[in-house]
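This is query-v9.pdb (PDB, C-alpha atoms and all ligand atoms).
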```
ATOM      1  CA  MET A   1      67.267  17.207  29.981  1.00  0.00           C
ATOM      2  CA  ARG A   2      65.707  16.273  33.292  1.00  0.00           C
ATOM      3  CA  SER A   3      62.676  18.560  32.900  1.00  0.00           C
ATOM      4  CA  THR A   4      62.096  17.367  29.343  1.00  0.00           C
ATOM      5  CA  GLY A   5      62.200  13.815  30.590  1.00  0.00           C
ATOM      6  CA  ALA A   6      59.685  14.590  33.350  1.00  0.00           C
ATOM      7  CA  LEU A   7      57.384  16.330  30.881  1.00  0.00           C
ATOM      8  CA  GLY A   8      57.659  13.398  28.528  1.00  0.00           C
ATOM      9  CA  PHE A   9      56.666  11.011  31.293  1.00  0.00           C
ATOM     10  CA  ARG A  10      53.673  13.117  32.233  1.00  0.00           C
ATOM     11  CA  ARG A  11      52.413  13.228  28.668  1.00  0.00           C
ATOM     12  CA  THR A  12      52.752   9.476  28.382  1.00  0.00           C
ATOM     13  CA  ALA A  13      50.853   8.957  31.631  1.00  0.00           C
ATOM     14  CA  LEU A  14      48.021  11.230  30.494  1.00  0.00           C
ATOM     15  CA  ALA A  15      47.848   9.529  27.110  1.00  0.00           C
ATOM     16  CA  GLY A  16      47.724   6.167  28.862  1.00  0.00           C
ATOM     17  CA  ALA A  17      44.872   7.270  31.102  1.00  0.00           C
ATOM     18  CA  ALA A  18      42.911   8.584  28.134  1.00  0.00           C
ATOM     19  CA  LEU A  19      43.527   5.329  26.258  1.00  0.00           C
ATOM     20  CA  ALA A  20      42.353   3.260  29.246  1.00  0.00           C
ATOM     21  CA  THR A  21      39.160   5.329  29.455  1.00  0.00           C
ATOM     22  CA  ALA A  22      38.523   4.884  25.758  1.00  0.00           C
ATOM     23  CA  LEU A  23      39.103   1.132  25.957  1.00  0.00           C
ATOM     24  CA  GLY A  24      36.897   0.823  29.019  1.00  0.00           C
ATOM     25  CA  GLY A  25      34.056   2.619  27.287  1.00  0.00           C
ATOM     26  CA  GLY A  26      34.527   0.521  24.195  1.00  0.00           C
ATOM     27  CA  ALA A  27      34.420  -2.703  26.180  1.00  0.00           C
ATOM     28  CA  ILE A  28      31.135  -1.694  27.825  1.00  0.00           C
ATOM     29  CA  LEU A  29      29.585  -0.839  24.462  1.00  0.00           C
ATOM     30  CA  ALA A  30      30.727  -4.150  22.989  1.00  0.00           C
ATOM     31  CA  ALA A  31      29.210  -6.073  25.912  1.00  0.00           C
ATOM     32  CA  CYS A  32      25.861  -4.288  25.493  1.00  0.00           C
ATOM     33  CA  GLY A  33      25.894  -4.992  21.772  1.00  0.00           C
ATOM     34  CA  ALA A  34      26.519  -8.703  22.266  1.00  0.00           C
ATOM     35  CA  GLY A  35      23.748  -8.958  24.838  1.00  0.00           C
ATOM     36  CA  GLY A  36      21.216  -7.384  22.548  1.00  0.00           C
ATOM     37  CA  GLN A  37      22.071  -9.486  19.521  1.00  0.00           C
ATOM     38  CA  ASP A  38      23.342 -13.039  19.242  1.00  0.00           C
ATOM     39  CA  GLY A  39      24.228 -13.074  22.954  1.00  0.00           C
ATOM     40  CA  ALA A  40      20.498 -13.188  23.709  1.00  0.00           C
ATOM     41  CA  ALA A  41      20.062 -16.606  22.161  1.00  0.00           C
ATOM     42  CA  ASP A  42      22.656 -18.102  24.473  1.00  0.00           C
ATOM     43  CA  GLY A  43      21.887 -16.021  27.557  1.00  0.00           C
ATOM     44  CA  PRO A  44      20.029 -17.451  30.527  1.00  0.00           C
ATOM     45  CA  ALA A  45      16.379 -18.309  30.058  1.00  0.00           C
ATOM     46  CA  ARG A  46      14.000 -16.005  31.932  1.00  0.00           C
ATOM     47  CA  LEU A  47      10.875 -18.056  32.546  1.00  0.00           C
ATOM     48  CA  SER A  48       7.477 -17.310  34.007  1.00  0.00           C
ATOM     49  CA  VAL A  49       4.369 -19.478  34.122  1.00  0.00           C
ATOM     50  CA  ALA A  50       0.921 -18.113  33.288  1.00  0.00           C
ATOM     51  CA  ASP A  51      -2.634 -19.274  32.557  1.00  0.00           C
ATOM     52  CA  SER A  52      -2.238 -22.571  34.370  1.00  0.00           C
ATOM     53  CA  TYR A  53      -5.331 -24.677  35.082  1.00  0.00           C
ATOM     54  CA  ILE A  54      -6.574 -28.219  35.429  1.00  0.00           C
ATOM     55  CA  PRO A  55     -10.069 -29.006  34.127  1.00  0.00           C
ATOM     56  CA  LEU A  56     -11.891 -31.011  36.813  1.00  0.00           C
ATOM     57  CA  PRO A  57     -11.742 -34.623  35.654  1.00  0.00           C
ATOM     58  CA  PRO A  58     -15.234 -36.213  35.421  1.00  0.00           C
ATOM     59  CA  ALA A  59     -14.552 -39.258  37.558  1.00  0.00           C
ATOM     60  CA  GLY A  60     -11.745 -37.841  39.661  1.00  0.00           C
ATOM     61  CA  GLY A  61      -9.259 -39.859  37.697  1.00  0.00           C
ATOM     62  CA  MET A  62      -6.932 -38.840  34.944  1.00  0.00           C
ATOM     63  CA  ALA A  63      -6.745 -35.075  34.425  1.00  0.00           C
ATOM     64  CA  ALA A  64      -5.140 -32.811  31.874  1.00  0.00           C
ATOM     65  CA  GLY A  65      -3.057 -29.792  32.829  1.00  0.00           C
ATOM     66  CA  TYR A  66      -2.566 -26.672  30.773  1.00  0.00           C
ATOM     67  CA  LEU A  67      -0.222 -23.718  31.175  1.00  0.00           C
ATOM     68  CA  THR A  68       1.981 -21.280  29.315  1.00  0.00           C
ATOM     69  CA  VAL A  69       5.707 -20.899  29.972  1.00  0.00           C
ATOM     70  CA  ARG A  70       6.840 -17.453  28.853  1.00  0.00           C
ATOM     71  CA  ASN A  71      10.504 -16.846  28.161  1.00  0.00           C
ATOM     72  CA  ASP A  72      12.210 -13.444  28.012  1.00  0.00           C
ATOM     73  CA  GLY A  73      15.682 -14.965  27.640  1.00  0.00           C
ATOM     74  CA  GLY A  74      17.632 -17.753  25.961  1.00  0.00           C
ATOM     75  CA  PRO A  75      16.232 -21.186  25.044  1.00  0.00           C
ATOM     76  CA  ASP A  76      15.354 -23.831  27.601  1.00  0.00           C
ATOM     77  CA  GLN A  77      13.551 -27.162  27.746  1.00  0.00           C
ATOM     78  CA  LEU A  78      10.893 -28.557  30.039  1.00  0.00           C
ATOM     79  CA  VAL A  79      12.320 -31.967  30.937  1.00  0.00           C
ATOM     80  CA  LYS A  80      10.233 -33.195  33.880  1.00  0.00           C
ATOM     81  CA  VAL A  81       7.010 -32.452  35.700  1.00  0.00           C
ATOM     82  CA  SER A  82       6.031 -33.880  39.058  1.00  0.00           C
ATOM     83  CA  SER A  83       3.603 -33.120  41.863  1.00  0.00           C
ATOM     84  CA  PRO A  84       3.547 -33.852  45.587  1.00  0.00           C
ATOM     85  CA  GLY A  85      -0.213 -34.440  45.206  1.00  0.00           C
ATOM     86  CA  ALA A  86      -0.207 -36.859  42.273  1.00  0.00           C
ATOM     87  CA  GLY A  87       1.512 -40.121  41.483  1.00  0.00           C
ATOM     88  CA  SER A  88       2.548 -39.229  37.969  1.00  0.00           C
ATOM     89  CA  VAL A  89       2.619 -36.226  35.679  1.00  0.00           C
ATOM     90  CA  THR A  90       3.647 -36.789  32.088  1.00  0.00           C
ATOM     91  CA  MET A  91       3.989 -34.571  29.051  1.00  0.00           C
ATOM     92  CA  HIS A  92       1.796 -35.459  26.080  1.00  0.00           C
ATOM     93  CA  ARG A  93       1.477 -34.291  22.526  1.00  0.00           C
ATOM     94  CA  SER A  94      -1.826 -34.739  20.727  1.00  0.00           C
ATOM     95  CA  THR A  95      -1.783 -36.043  17.192  1.00  0.00           C
ATOM     96  CA  ALA A  96      -4.732 -36.318  14.793  1.00  0.00           C
ATOM     97  CA  SER A  97      -6.097 -39.509  16.312  1.00  0.00           C
ATOM     98  CA  THR A  98      -4.265 -40.112  19.558  1.00  0.00           C
ATOM     99  CA  MET A  99      -1.630 -38.709  21.871  1.00  0.00           C
ATOM    100  CA  GLU A 100       1.910 -39.661  22.632  1.00  0.00           C
ATOM    101  CA  GLN A 101       4.158 -39.121  25.610  1.00  0.00           C
ATOM    102  CA  VAL A 102       7.172 -36.878  25.076  1.00  0.00           C
ATOM    103  CA  GLU A 103      10.328 -36.635  27.160  1.00  0.00           C
ATOM    104  CA  ARG A 104      10.995 -32.933  26.703  1.00  0.00           C
ATOM    105  CA  LEU A 105       9.381 -29.805  25.325  1.00  0.00           C
ATOM    106  CA  ASP A 106      11.237 -26.825  23.893  1.00  0.00           C
ATOM    107  CA  VAL A 107      10.828 -23.392  25.434  1.00  0.00           C
ATOM    108  CA  PRO A 108      12.004 -21.145  22.595  1.00  0.00           C
ATOM    109  CA  ALA A 109      14.158 -18.073  23.264  1.00  0.00           C
ATOM    110  CA  HIS A 110      12.045 -14.938  23.613  1.00  0.00           C
ATOM    111  CA  GLY A 111       8.943 -16.994  23.001  1.00  0.00           C
ATOM    112  CA  ALA A 112       6.596 -19.294  24.840  1.00  0.00           C
ATOM    113  CA  LEU A 113       5.790 -22.952  25.356  1.00  0.00           C
ATOM    114  CA  GLN A 114       2.031 -23.315  25.271  1.00  0.00           C
ATOM    115  CA  LEU A 115       0.223 -26.303  26.700  1.00  0.00           C
ATOM    116  CA  ALA A 116      -3.353 -25.882  25.529  1.00  0.00           C
ATOM    117  CA  ARG A 117      -6.478 -27.835  24.626  1.00  0.00           C
ATOM    118  CA  GLY A 118      -6.042 -29.877  21.497  1.00  0.00           C
ATOM    119  CA  GLY A 119      -2.280 -29.684  21.633  1.00  0.00           C
ATOM    120  CA  THR A 120       0.519 -30.349  24.048  1.00  0.00           C
ATOM    121  CA  HIS A 121      -0.670 -30.967  27.596  1.00  0.00           C
ATOM    122  CA  LEU A 122       0.181 -32.523  30.920  1.00  0.00           C
ATOM    123  CA  MET A 123      -1.422 -35.768  32.044  1.00  0.00           C
ATOM    124  CA  ILE A 124      -1.958 -36.019  35.789  1.00  0.00           C
ATOM    125  CA  MET A 125      -2.678 -39.405  37.340  1.00  0.00           C
ATOM    126  CA  GLY A 126      -2.765 -40.972  40.764  1.00  0.00           C
ATOM    127  CA  TRP A 127      -4.266 -38.094  42.738  1.00  0.00           C
ATOM    128  CA  GLN A 128      -3.674 -38.491  46.450  1.00  0.00           C
ATOM    129  CA  LYS A 129      -7.195 -37.229  47.007  1.00  0.00           C
ATOM    130  CA  ALA A 130      -9.915 -36.573  44.438  1.00  0.00           C
ATOM    131  CA  PRO A 131      -9.569 -33.054  43.058  1.00  0.00           C
ATOM    132  CA  ALA A 132     -12.365 -30.543  43.671  1.00  0.00           C
ATOM    133  CA  LEU A 133     -13.228 -27.219  42.094  1.00  0.00           C
ATOM    134  CA  GLY A 134     -11.277 -24.307  43.523  1.00  0.00           C
ATOM    135  CA  GLU A 135      -8.473 -26.445  44.886  1.00  0.00           C
ATOM    136  CA  GLU A 136      -4.907 -26.088  43.732  1.00  0.00           C
ATOM    137  CA  LEU A 137      -2.375 -28.718  42.801  1.00  0.00           C
ATOM    138  CA  GLU A 138       1.337 -27.985  43.073  1.00  0.00           C
ATOM    139  CA  LEU A 139       3.247 -28.787  39.921  1.00  0.00           C
ATOM    140  CA  ASP A 140       7.035 -28.816  39.950  1.00  0.00           C
ATOM    141  CA  LEU A 141       8.283 -27.975  36.472  1.00  0.00           C
ATOM    142  CA  THR A 142      11.924 -28.881  35.886  1.00  0.00           C
ATOM    143  CA  PHE A 143      13.780 -27.122  33.082  1.00  0.00           C
ATOM    144  CA  ALA A 144      17.144 -28.179  31.655  1.00  0.00           C
ATOM    145  CA  ARG A 145      18.811 -24.833  32.308  1.00  0.00           C
ATOM    146  CA  THR A 146      16.615 -22.940  34.756  1.00  0.00           C
ATOM    147  CA  GLY A 147      15.996 -25.771  37.222  1.00  0.00           C
ATOM    148  CA  THR A 148      12.677 -26.335  38.976  1.00  0.00           C
ATOM    149  CA  ILE A 149       9.809 -23.853  39.125  1.00  0.00           C
ATOM    150  CA  SER A 150       6.879 -24.748  41.389  1.00  0.00           C
ATOM    151  CA  VAL A 151       3.429 -23.441  40.559  1.00  0.00           C
ATOM    152  CA  LYS A 152       0.022 -23.813  42.215  1.00  0.00           C
ATOM    153  CA  VAL A 153      -2.426 -24.782  39.511  1.00  0.00           C
ATOM    154  CA  PRO A 154      -6.152 -24.224  40.152  1.00  0.00           C
ATOM    155  CA  VAL A 155      -8.752 -26.890  39.399  1.00  0.00           C
ATOM    156  CA  LYS A 156     -11.393 -25.331  37.113  1.00  0.00           C
ATOM    157  CA  GLU A 157     -14.674 -26.364  35.548  1.00  0.00           C
ATOM    158  CA  LEU A 158     -14.333 -28.979  32.839  1.00  0.00           C
ATOM    159  CA  THR A 159     -15.290 -26.378  30.188  1.00  0.00           C
ATOM    160  CA  TYR A 160     -13.026 -23.597  31.508  1.00  0.00           C
ATOM    161  CA  ARG A 161     -10.809 -21.713  29.097  1.00  0.00           C
ATOM    162  CA  PRO A 162      -8.308 -19.042  30.190  1.00  0.00           C
ATOM    163  CA  GLY A 163      -9.465 -15.502  29.536  1.00  0.00           C
ATOM    164  CA  GLN A 164     -13.126 -16.256  30.222  1.00  0.00           C
ATOM    165  CA  SER A 165     -14.723 -15.071  33.462  1.00  0.00           C
TER
HETATM  166 CU    CU B 201      -2.538 -36.948  27.180  1.00  0.00          CU
END
```
Let me see the file written as structure tokens.
Ligand SMILES: [Cu+2]
Amino acid sequence: MRSTGALGFRRTALAGAALATALGGGAILAACGAGGQDGAADGPARLSVADSYIPLPPAGGMAAGYLTVRNDGGPDQLVKVSSPGAGSVTMHRSTASTMEQVERLDVPAHGALQLARGGTHLMIMGWQKAPALGEELELDLTFARTGTISVKVPVKELTYRPGQS
């Protein structure tokens, strides 16, 4: 009776250990699956800024700013832009005949927010000192979820386009 009982206990313990291992493995697989599918849309945004430039404004006044925010994660929004070297930086969207200020710009999940000529852009006013070719202006980009990313944006020729030498 005693030995049978001991054997029974051992079998139960082994079965329990095997079950725990199986459950553990299953939980890991489930977590990976969620991350690769719908979990991605709600995961943290993974942002990087590329192709940023400011065309040298003709009279040293109002300048446009262009850049691309790449996102390898969940959705985010650009909600504010400021600069220690300029009085105001606003977000603008060009329409057929004019442009309008916008309060926020979507950064789609696993996509990109593009600020480019003819479309959405930044408007930089109140330079502390007149910008010159080759200089850089710090822009502090604040995102709803990611927080603030600071980038140094080079001042380029008025006709510059990214990708050209
Ligand atoms: Cu504008």
Excluding stretch 130-142 of chain A and its own-chain neighbours fewer than 5 positions away, which residues fall within 7 Å of it when counting only C-alpha atoms? Please give them as number ranges by chain. A: 56, 60, 78-85, 147-157
Please identify every polymer residue within 7 Å of ligand CU 201 (chain B), using only C-alpha atoms and all ligand atoms, and present the set as a count of residues only. 9
Given the file shown, enumerate the residues that the PyMOL selection byres (((chain A and resi 69-77) around 6) and not hetatm) captures and present them as a ChimeraX atom specification. /A:40-49,68,78-79,105-113,143-145
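What separates atom CA of A:Met62 from atom CA of A:Gln101 is a distance of 14.5 Å.
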With distances taken over all atoms listed in the file, which of A:Val89, A:Ala59, A:Leu67, A:Ile54 is nearest to A:Gly119?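 The shortest atom-to-atom distance to A:Gly119 comes from A:Leu67.
The space separating atom CA of A:Gly65 from atom CA of A:Gly87 comes to 14.2 Å.
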Would you compute, for all listed atoms of stretch 46-62 of chain A, the axis-aligned bounding box grown by 3 Å on each side, and then report its centre and edge lengths in Å rounded to one decimal, as JSON?
```
{"center_x": -0.6, "center_y": -27.9, "center_z": 35.8, "size_x": 35.2, "size_y": 29.9, "size_z": 13.7}
```
Grab the atom CA of A:Tyr160 to atom CA of A:Ala86 distance for me, in Å with one decimal place. 21.4 Å
Compare A:Leu158, A:Thr120, A:Pro55, A:Ala63 by their minimum atom-to-atom distance to A:Met91, counting all atoms listed in the file, and give me the closest one.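 So, comparing all the options, the nearest one is A:Thr120.
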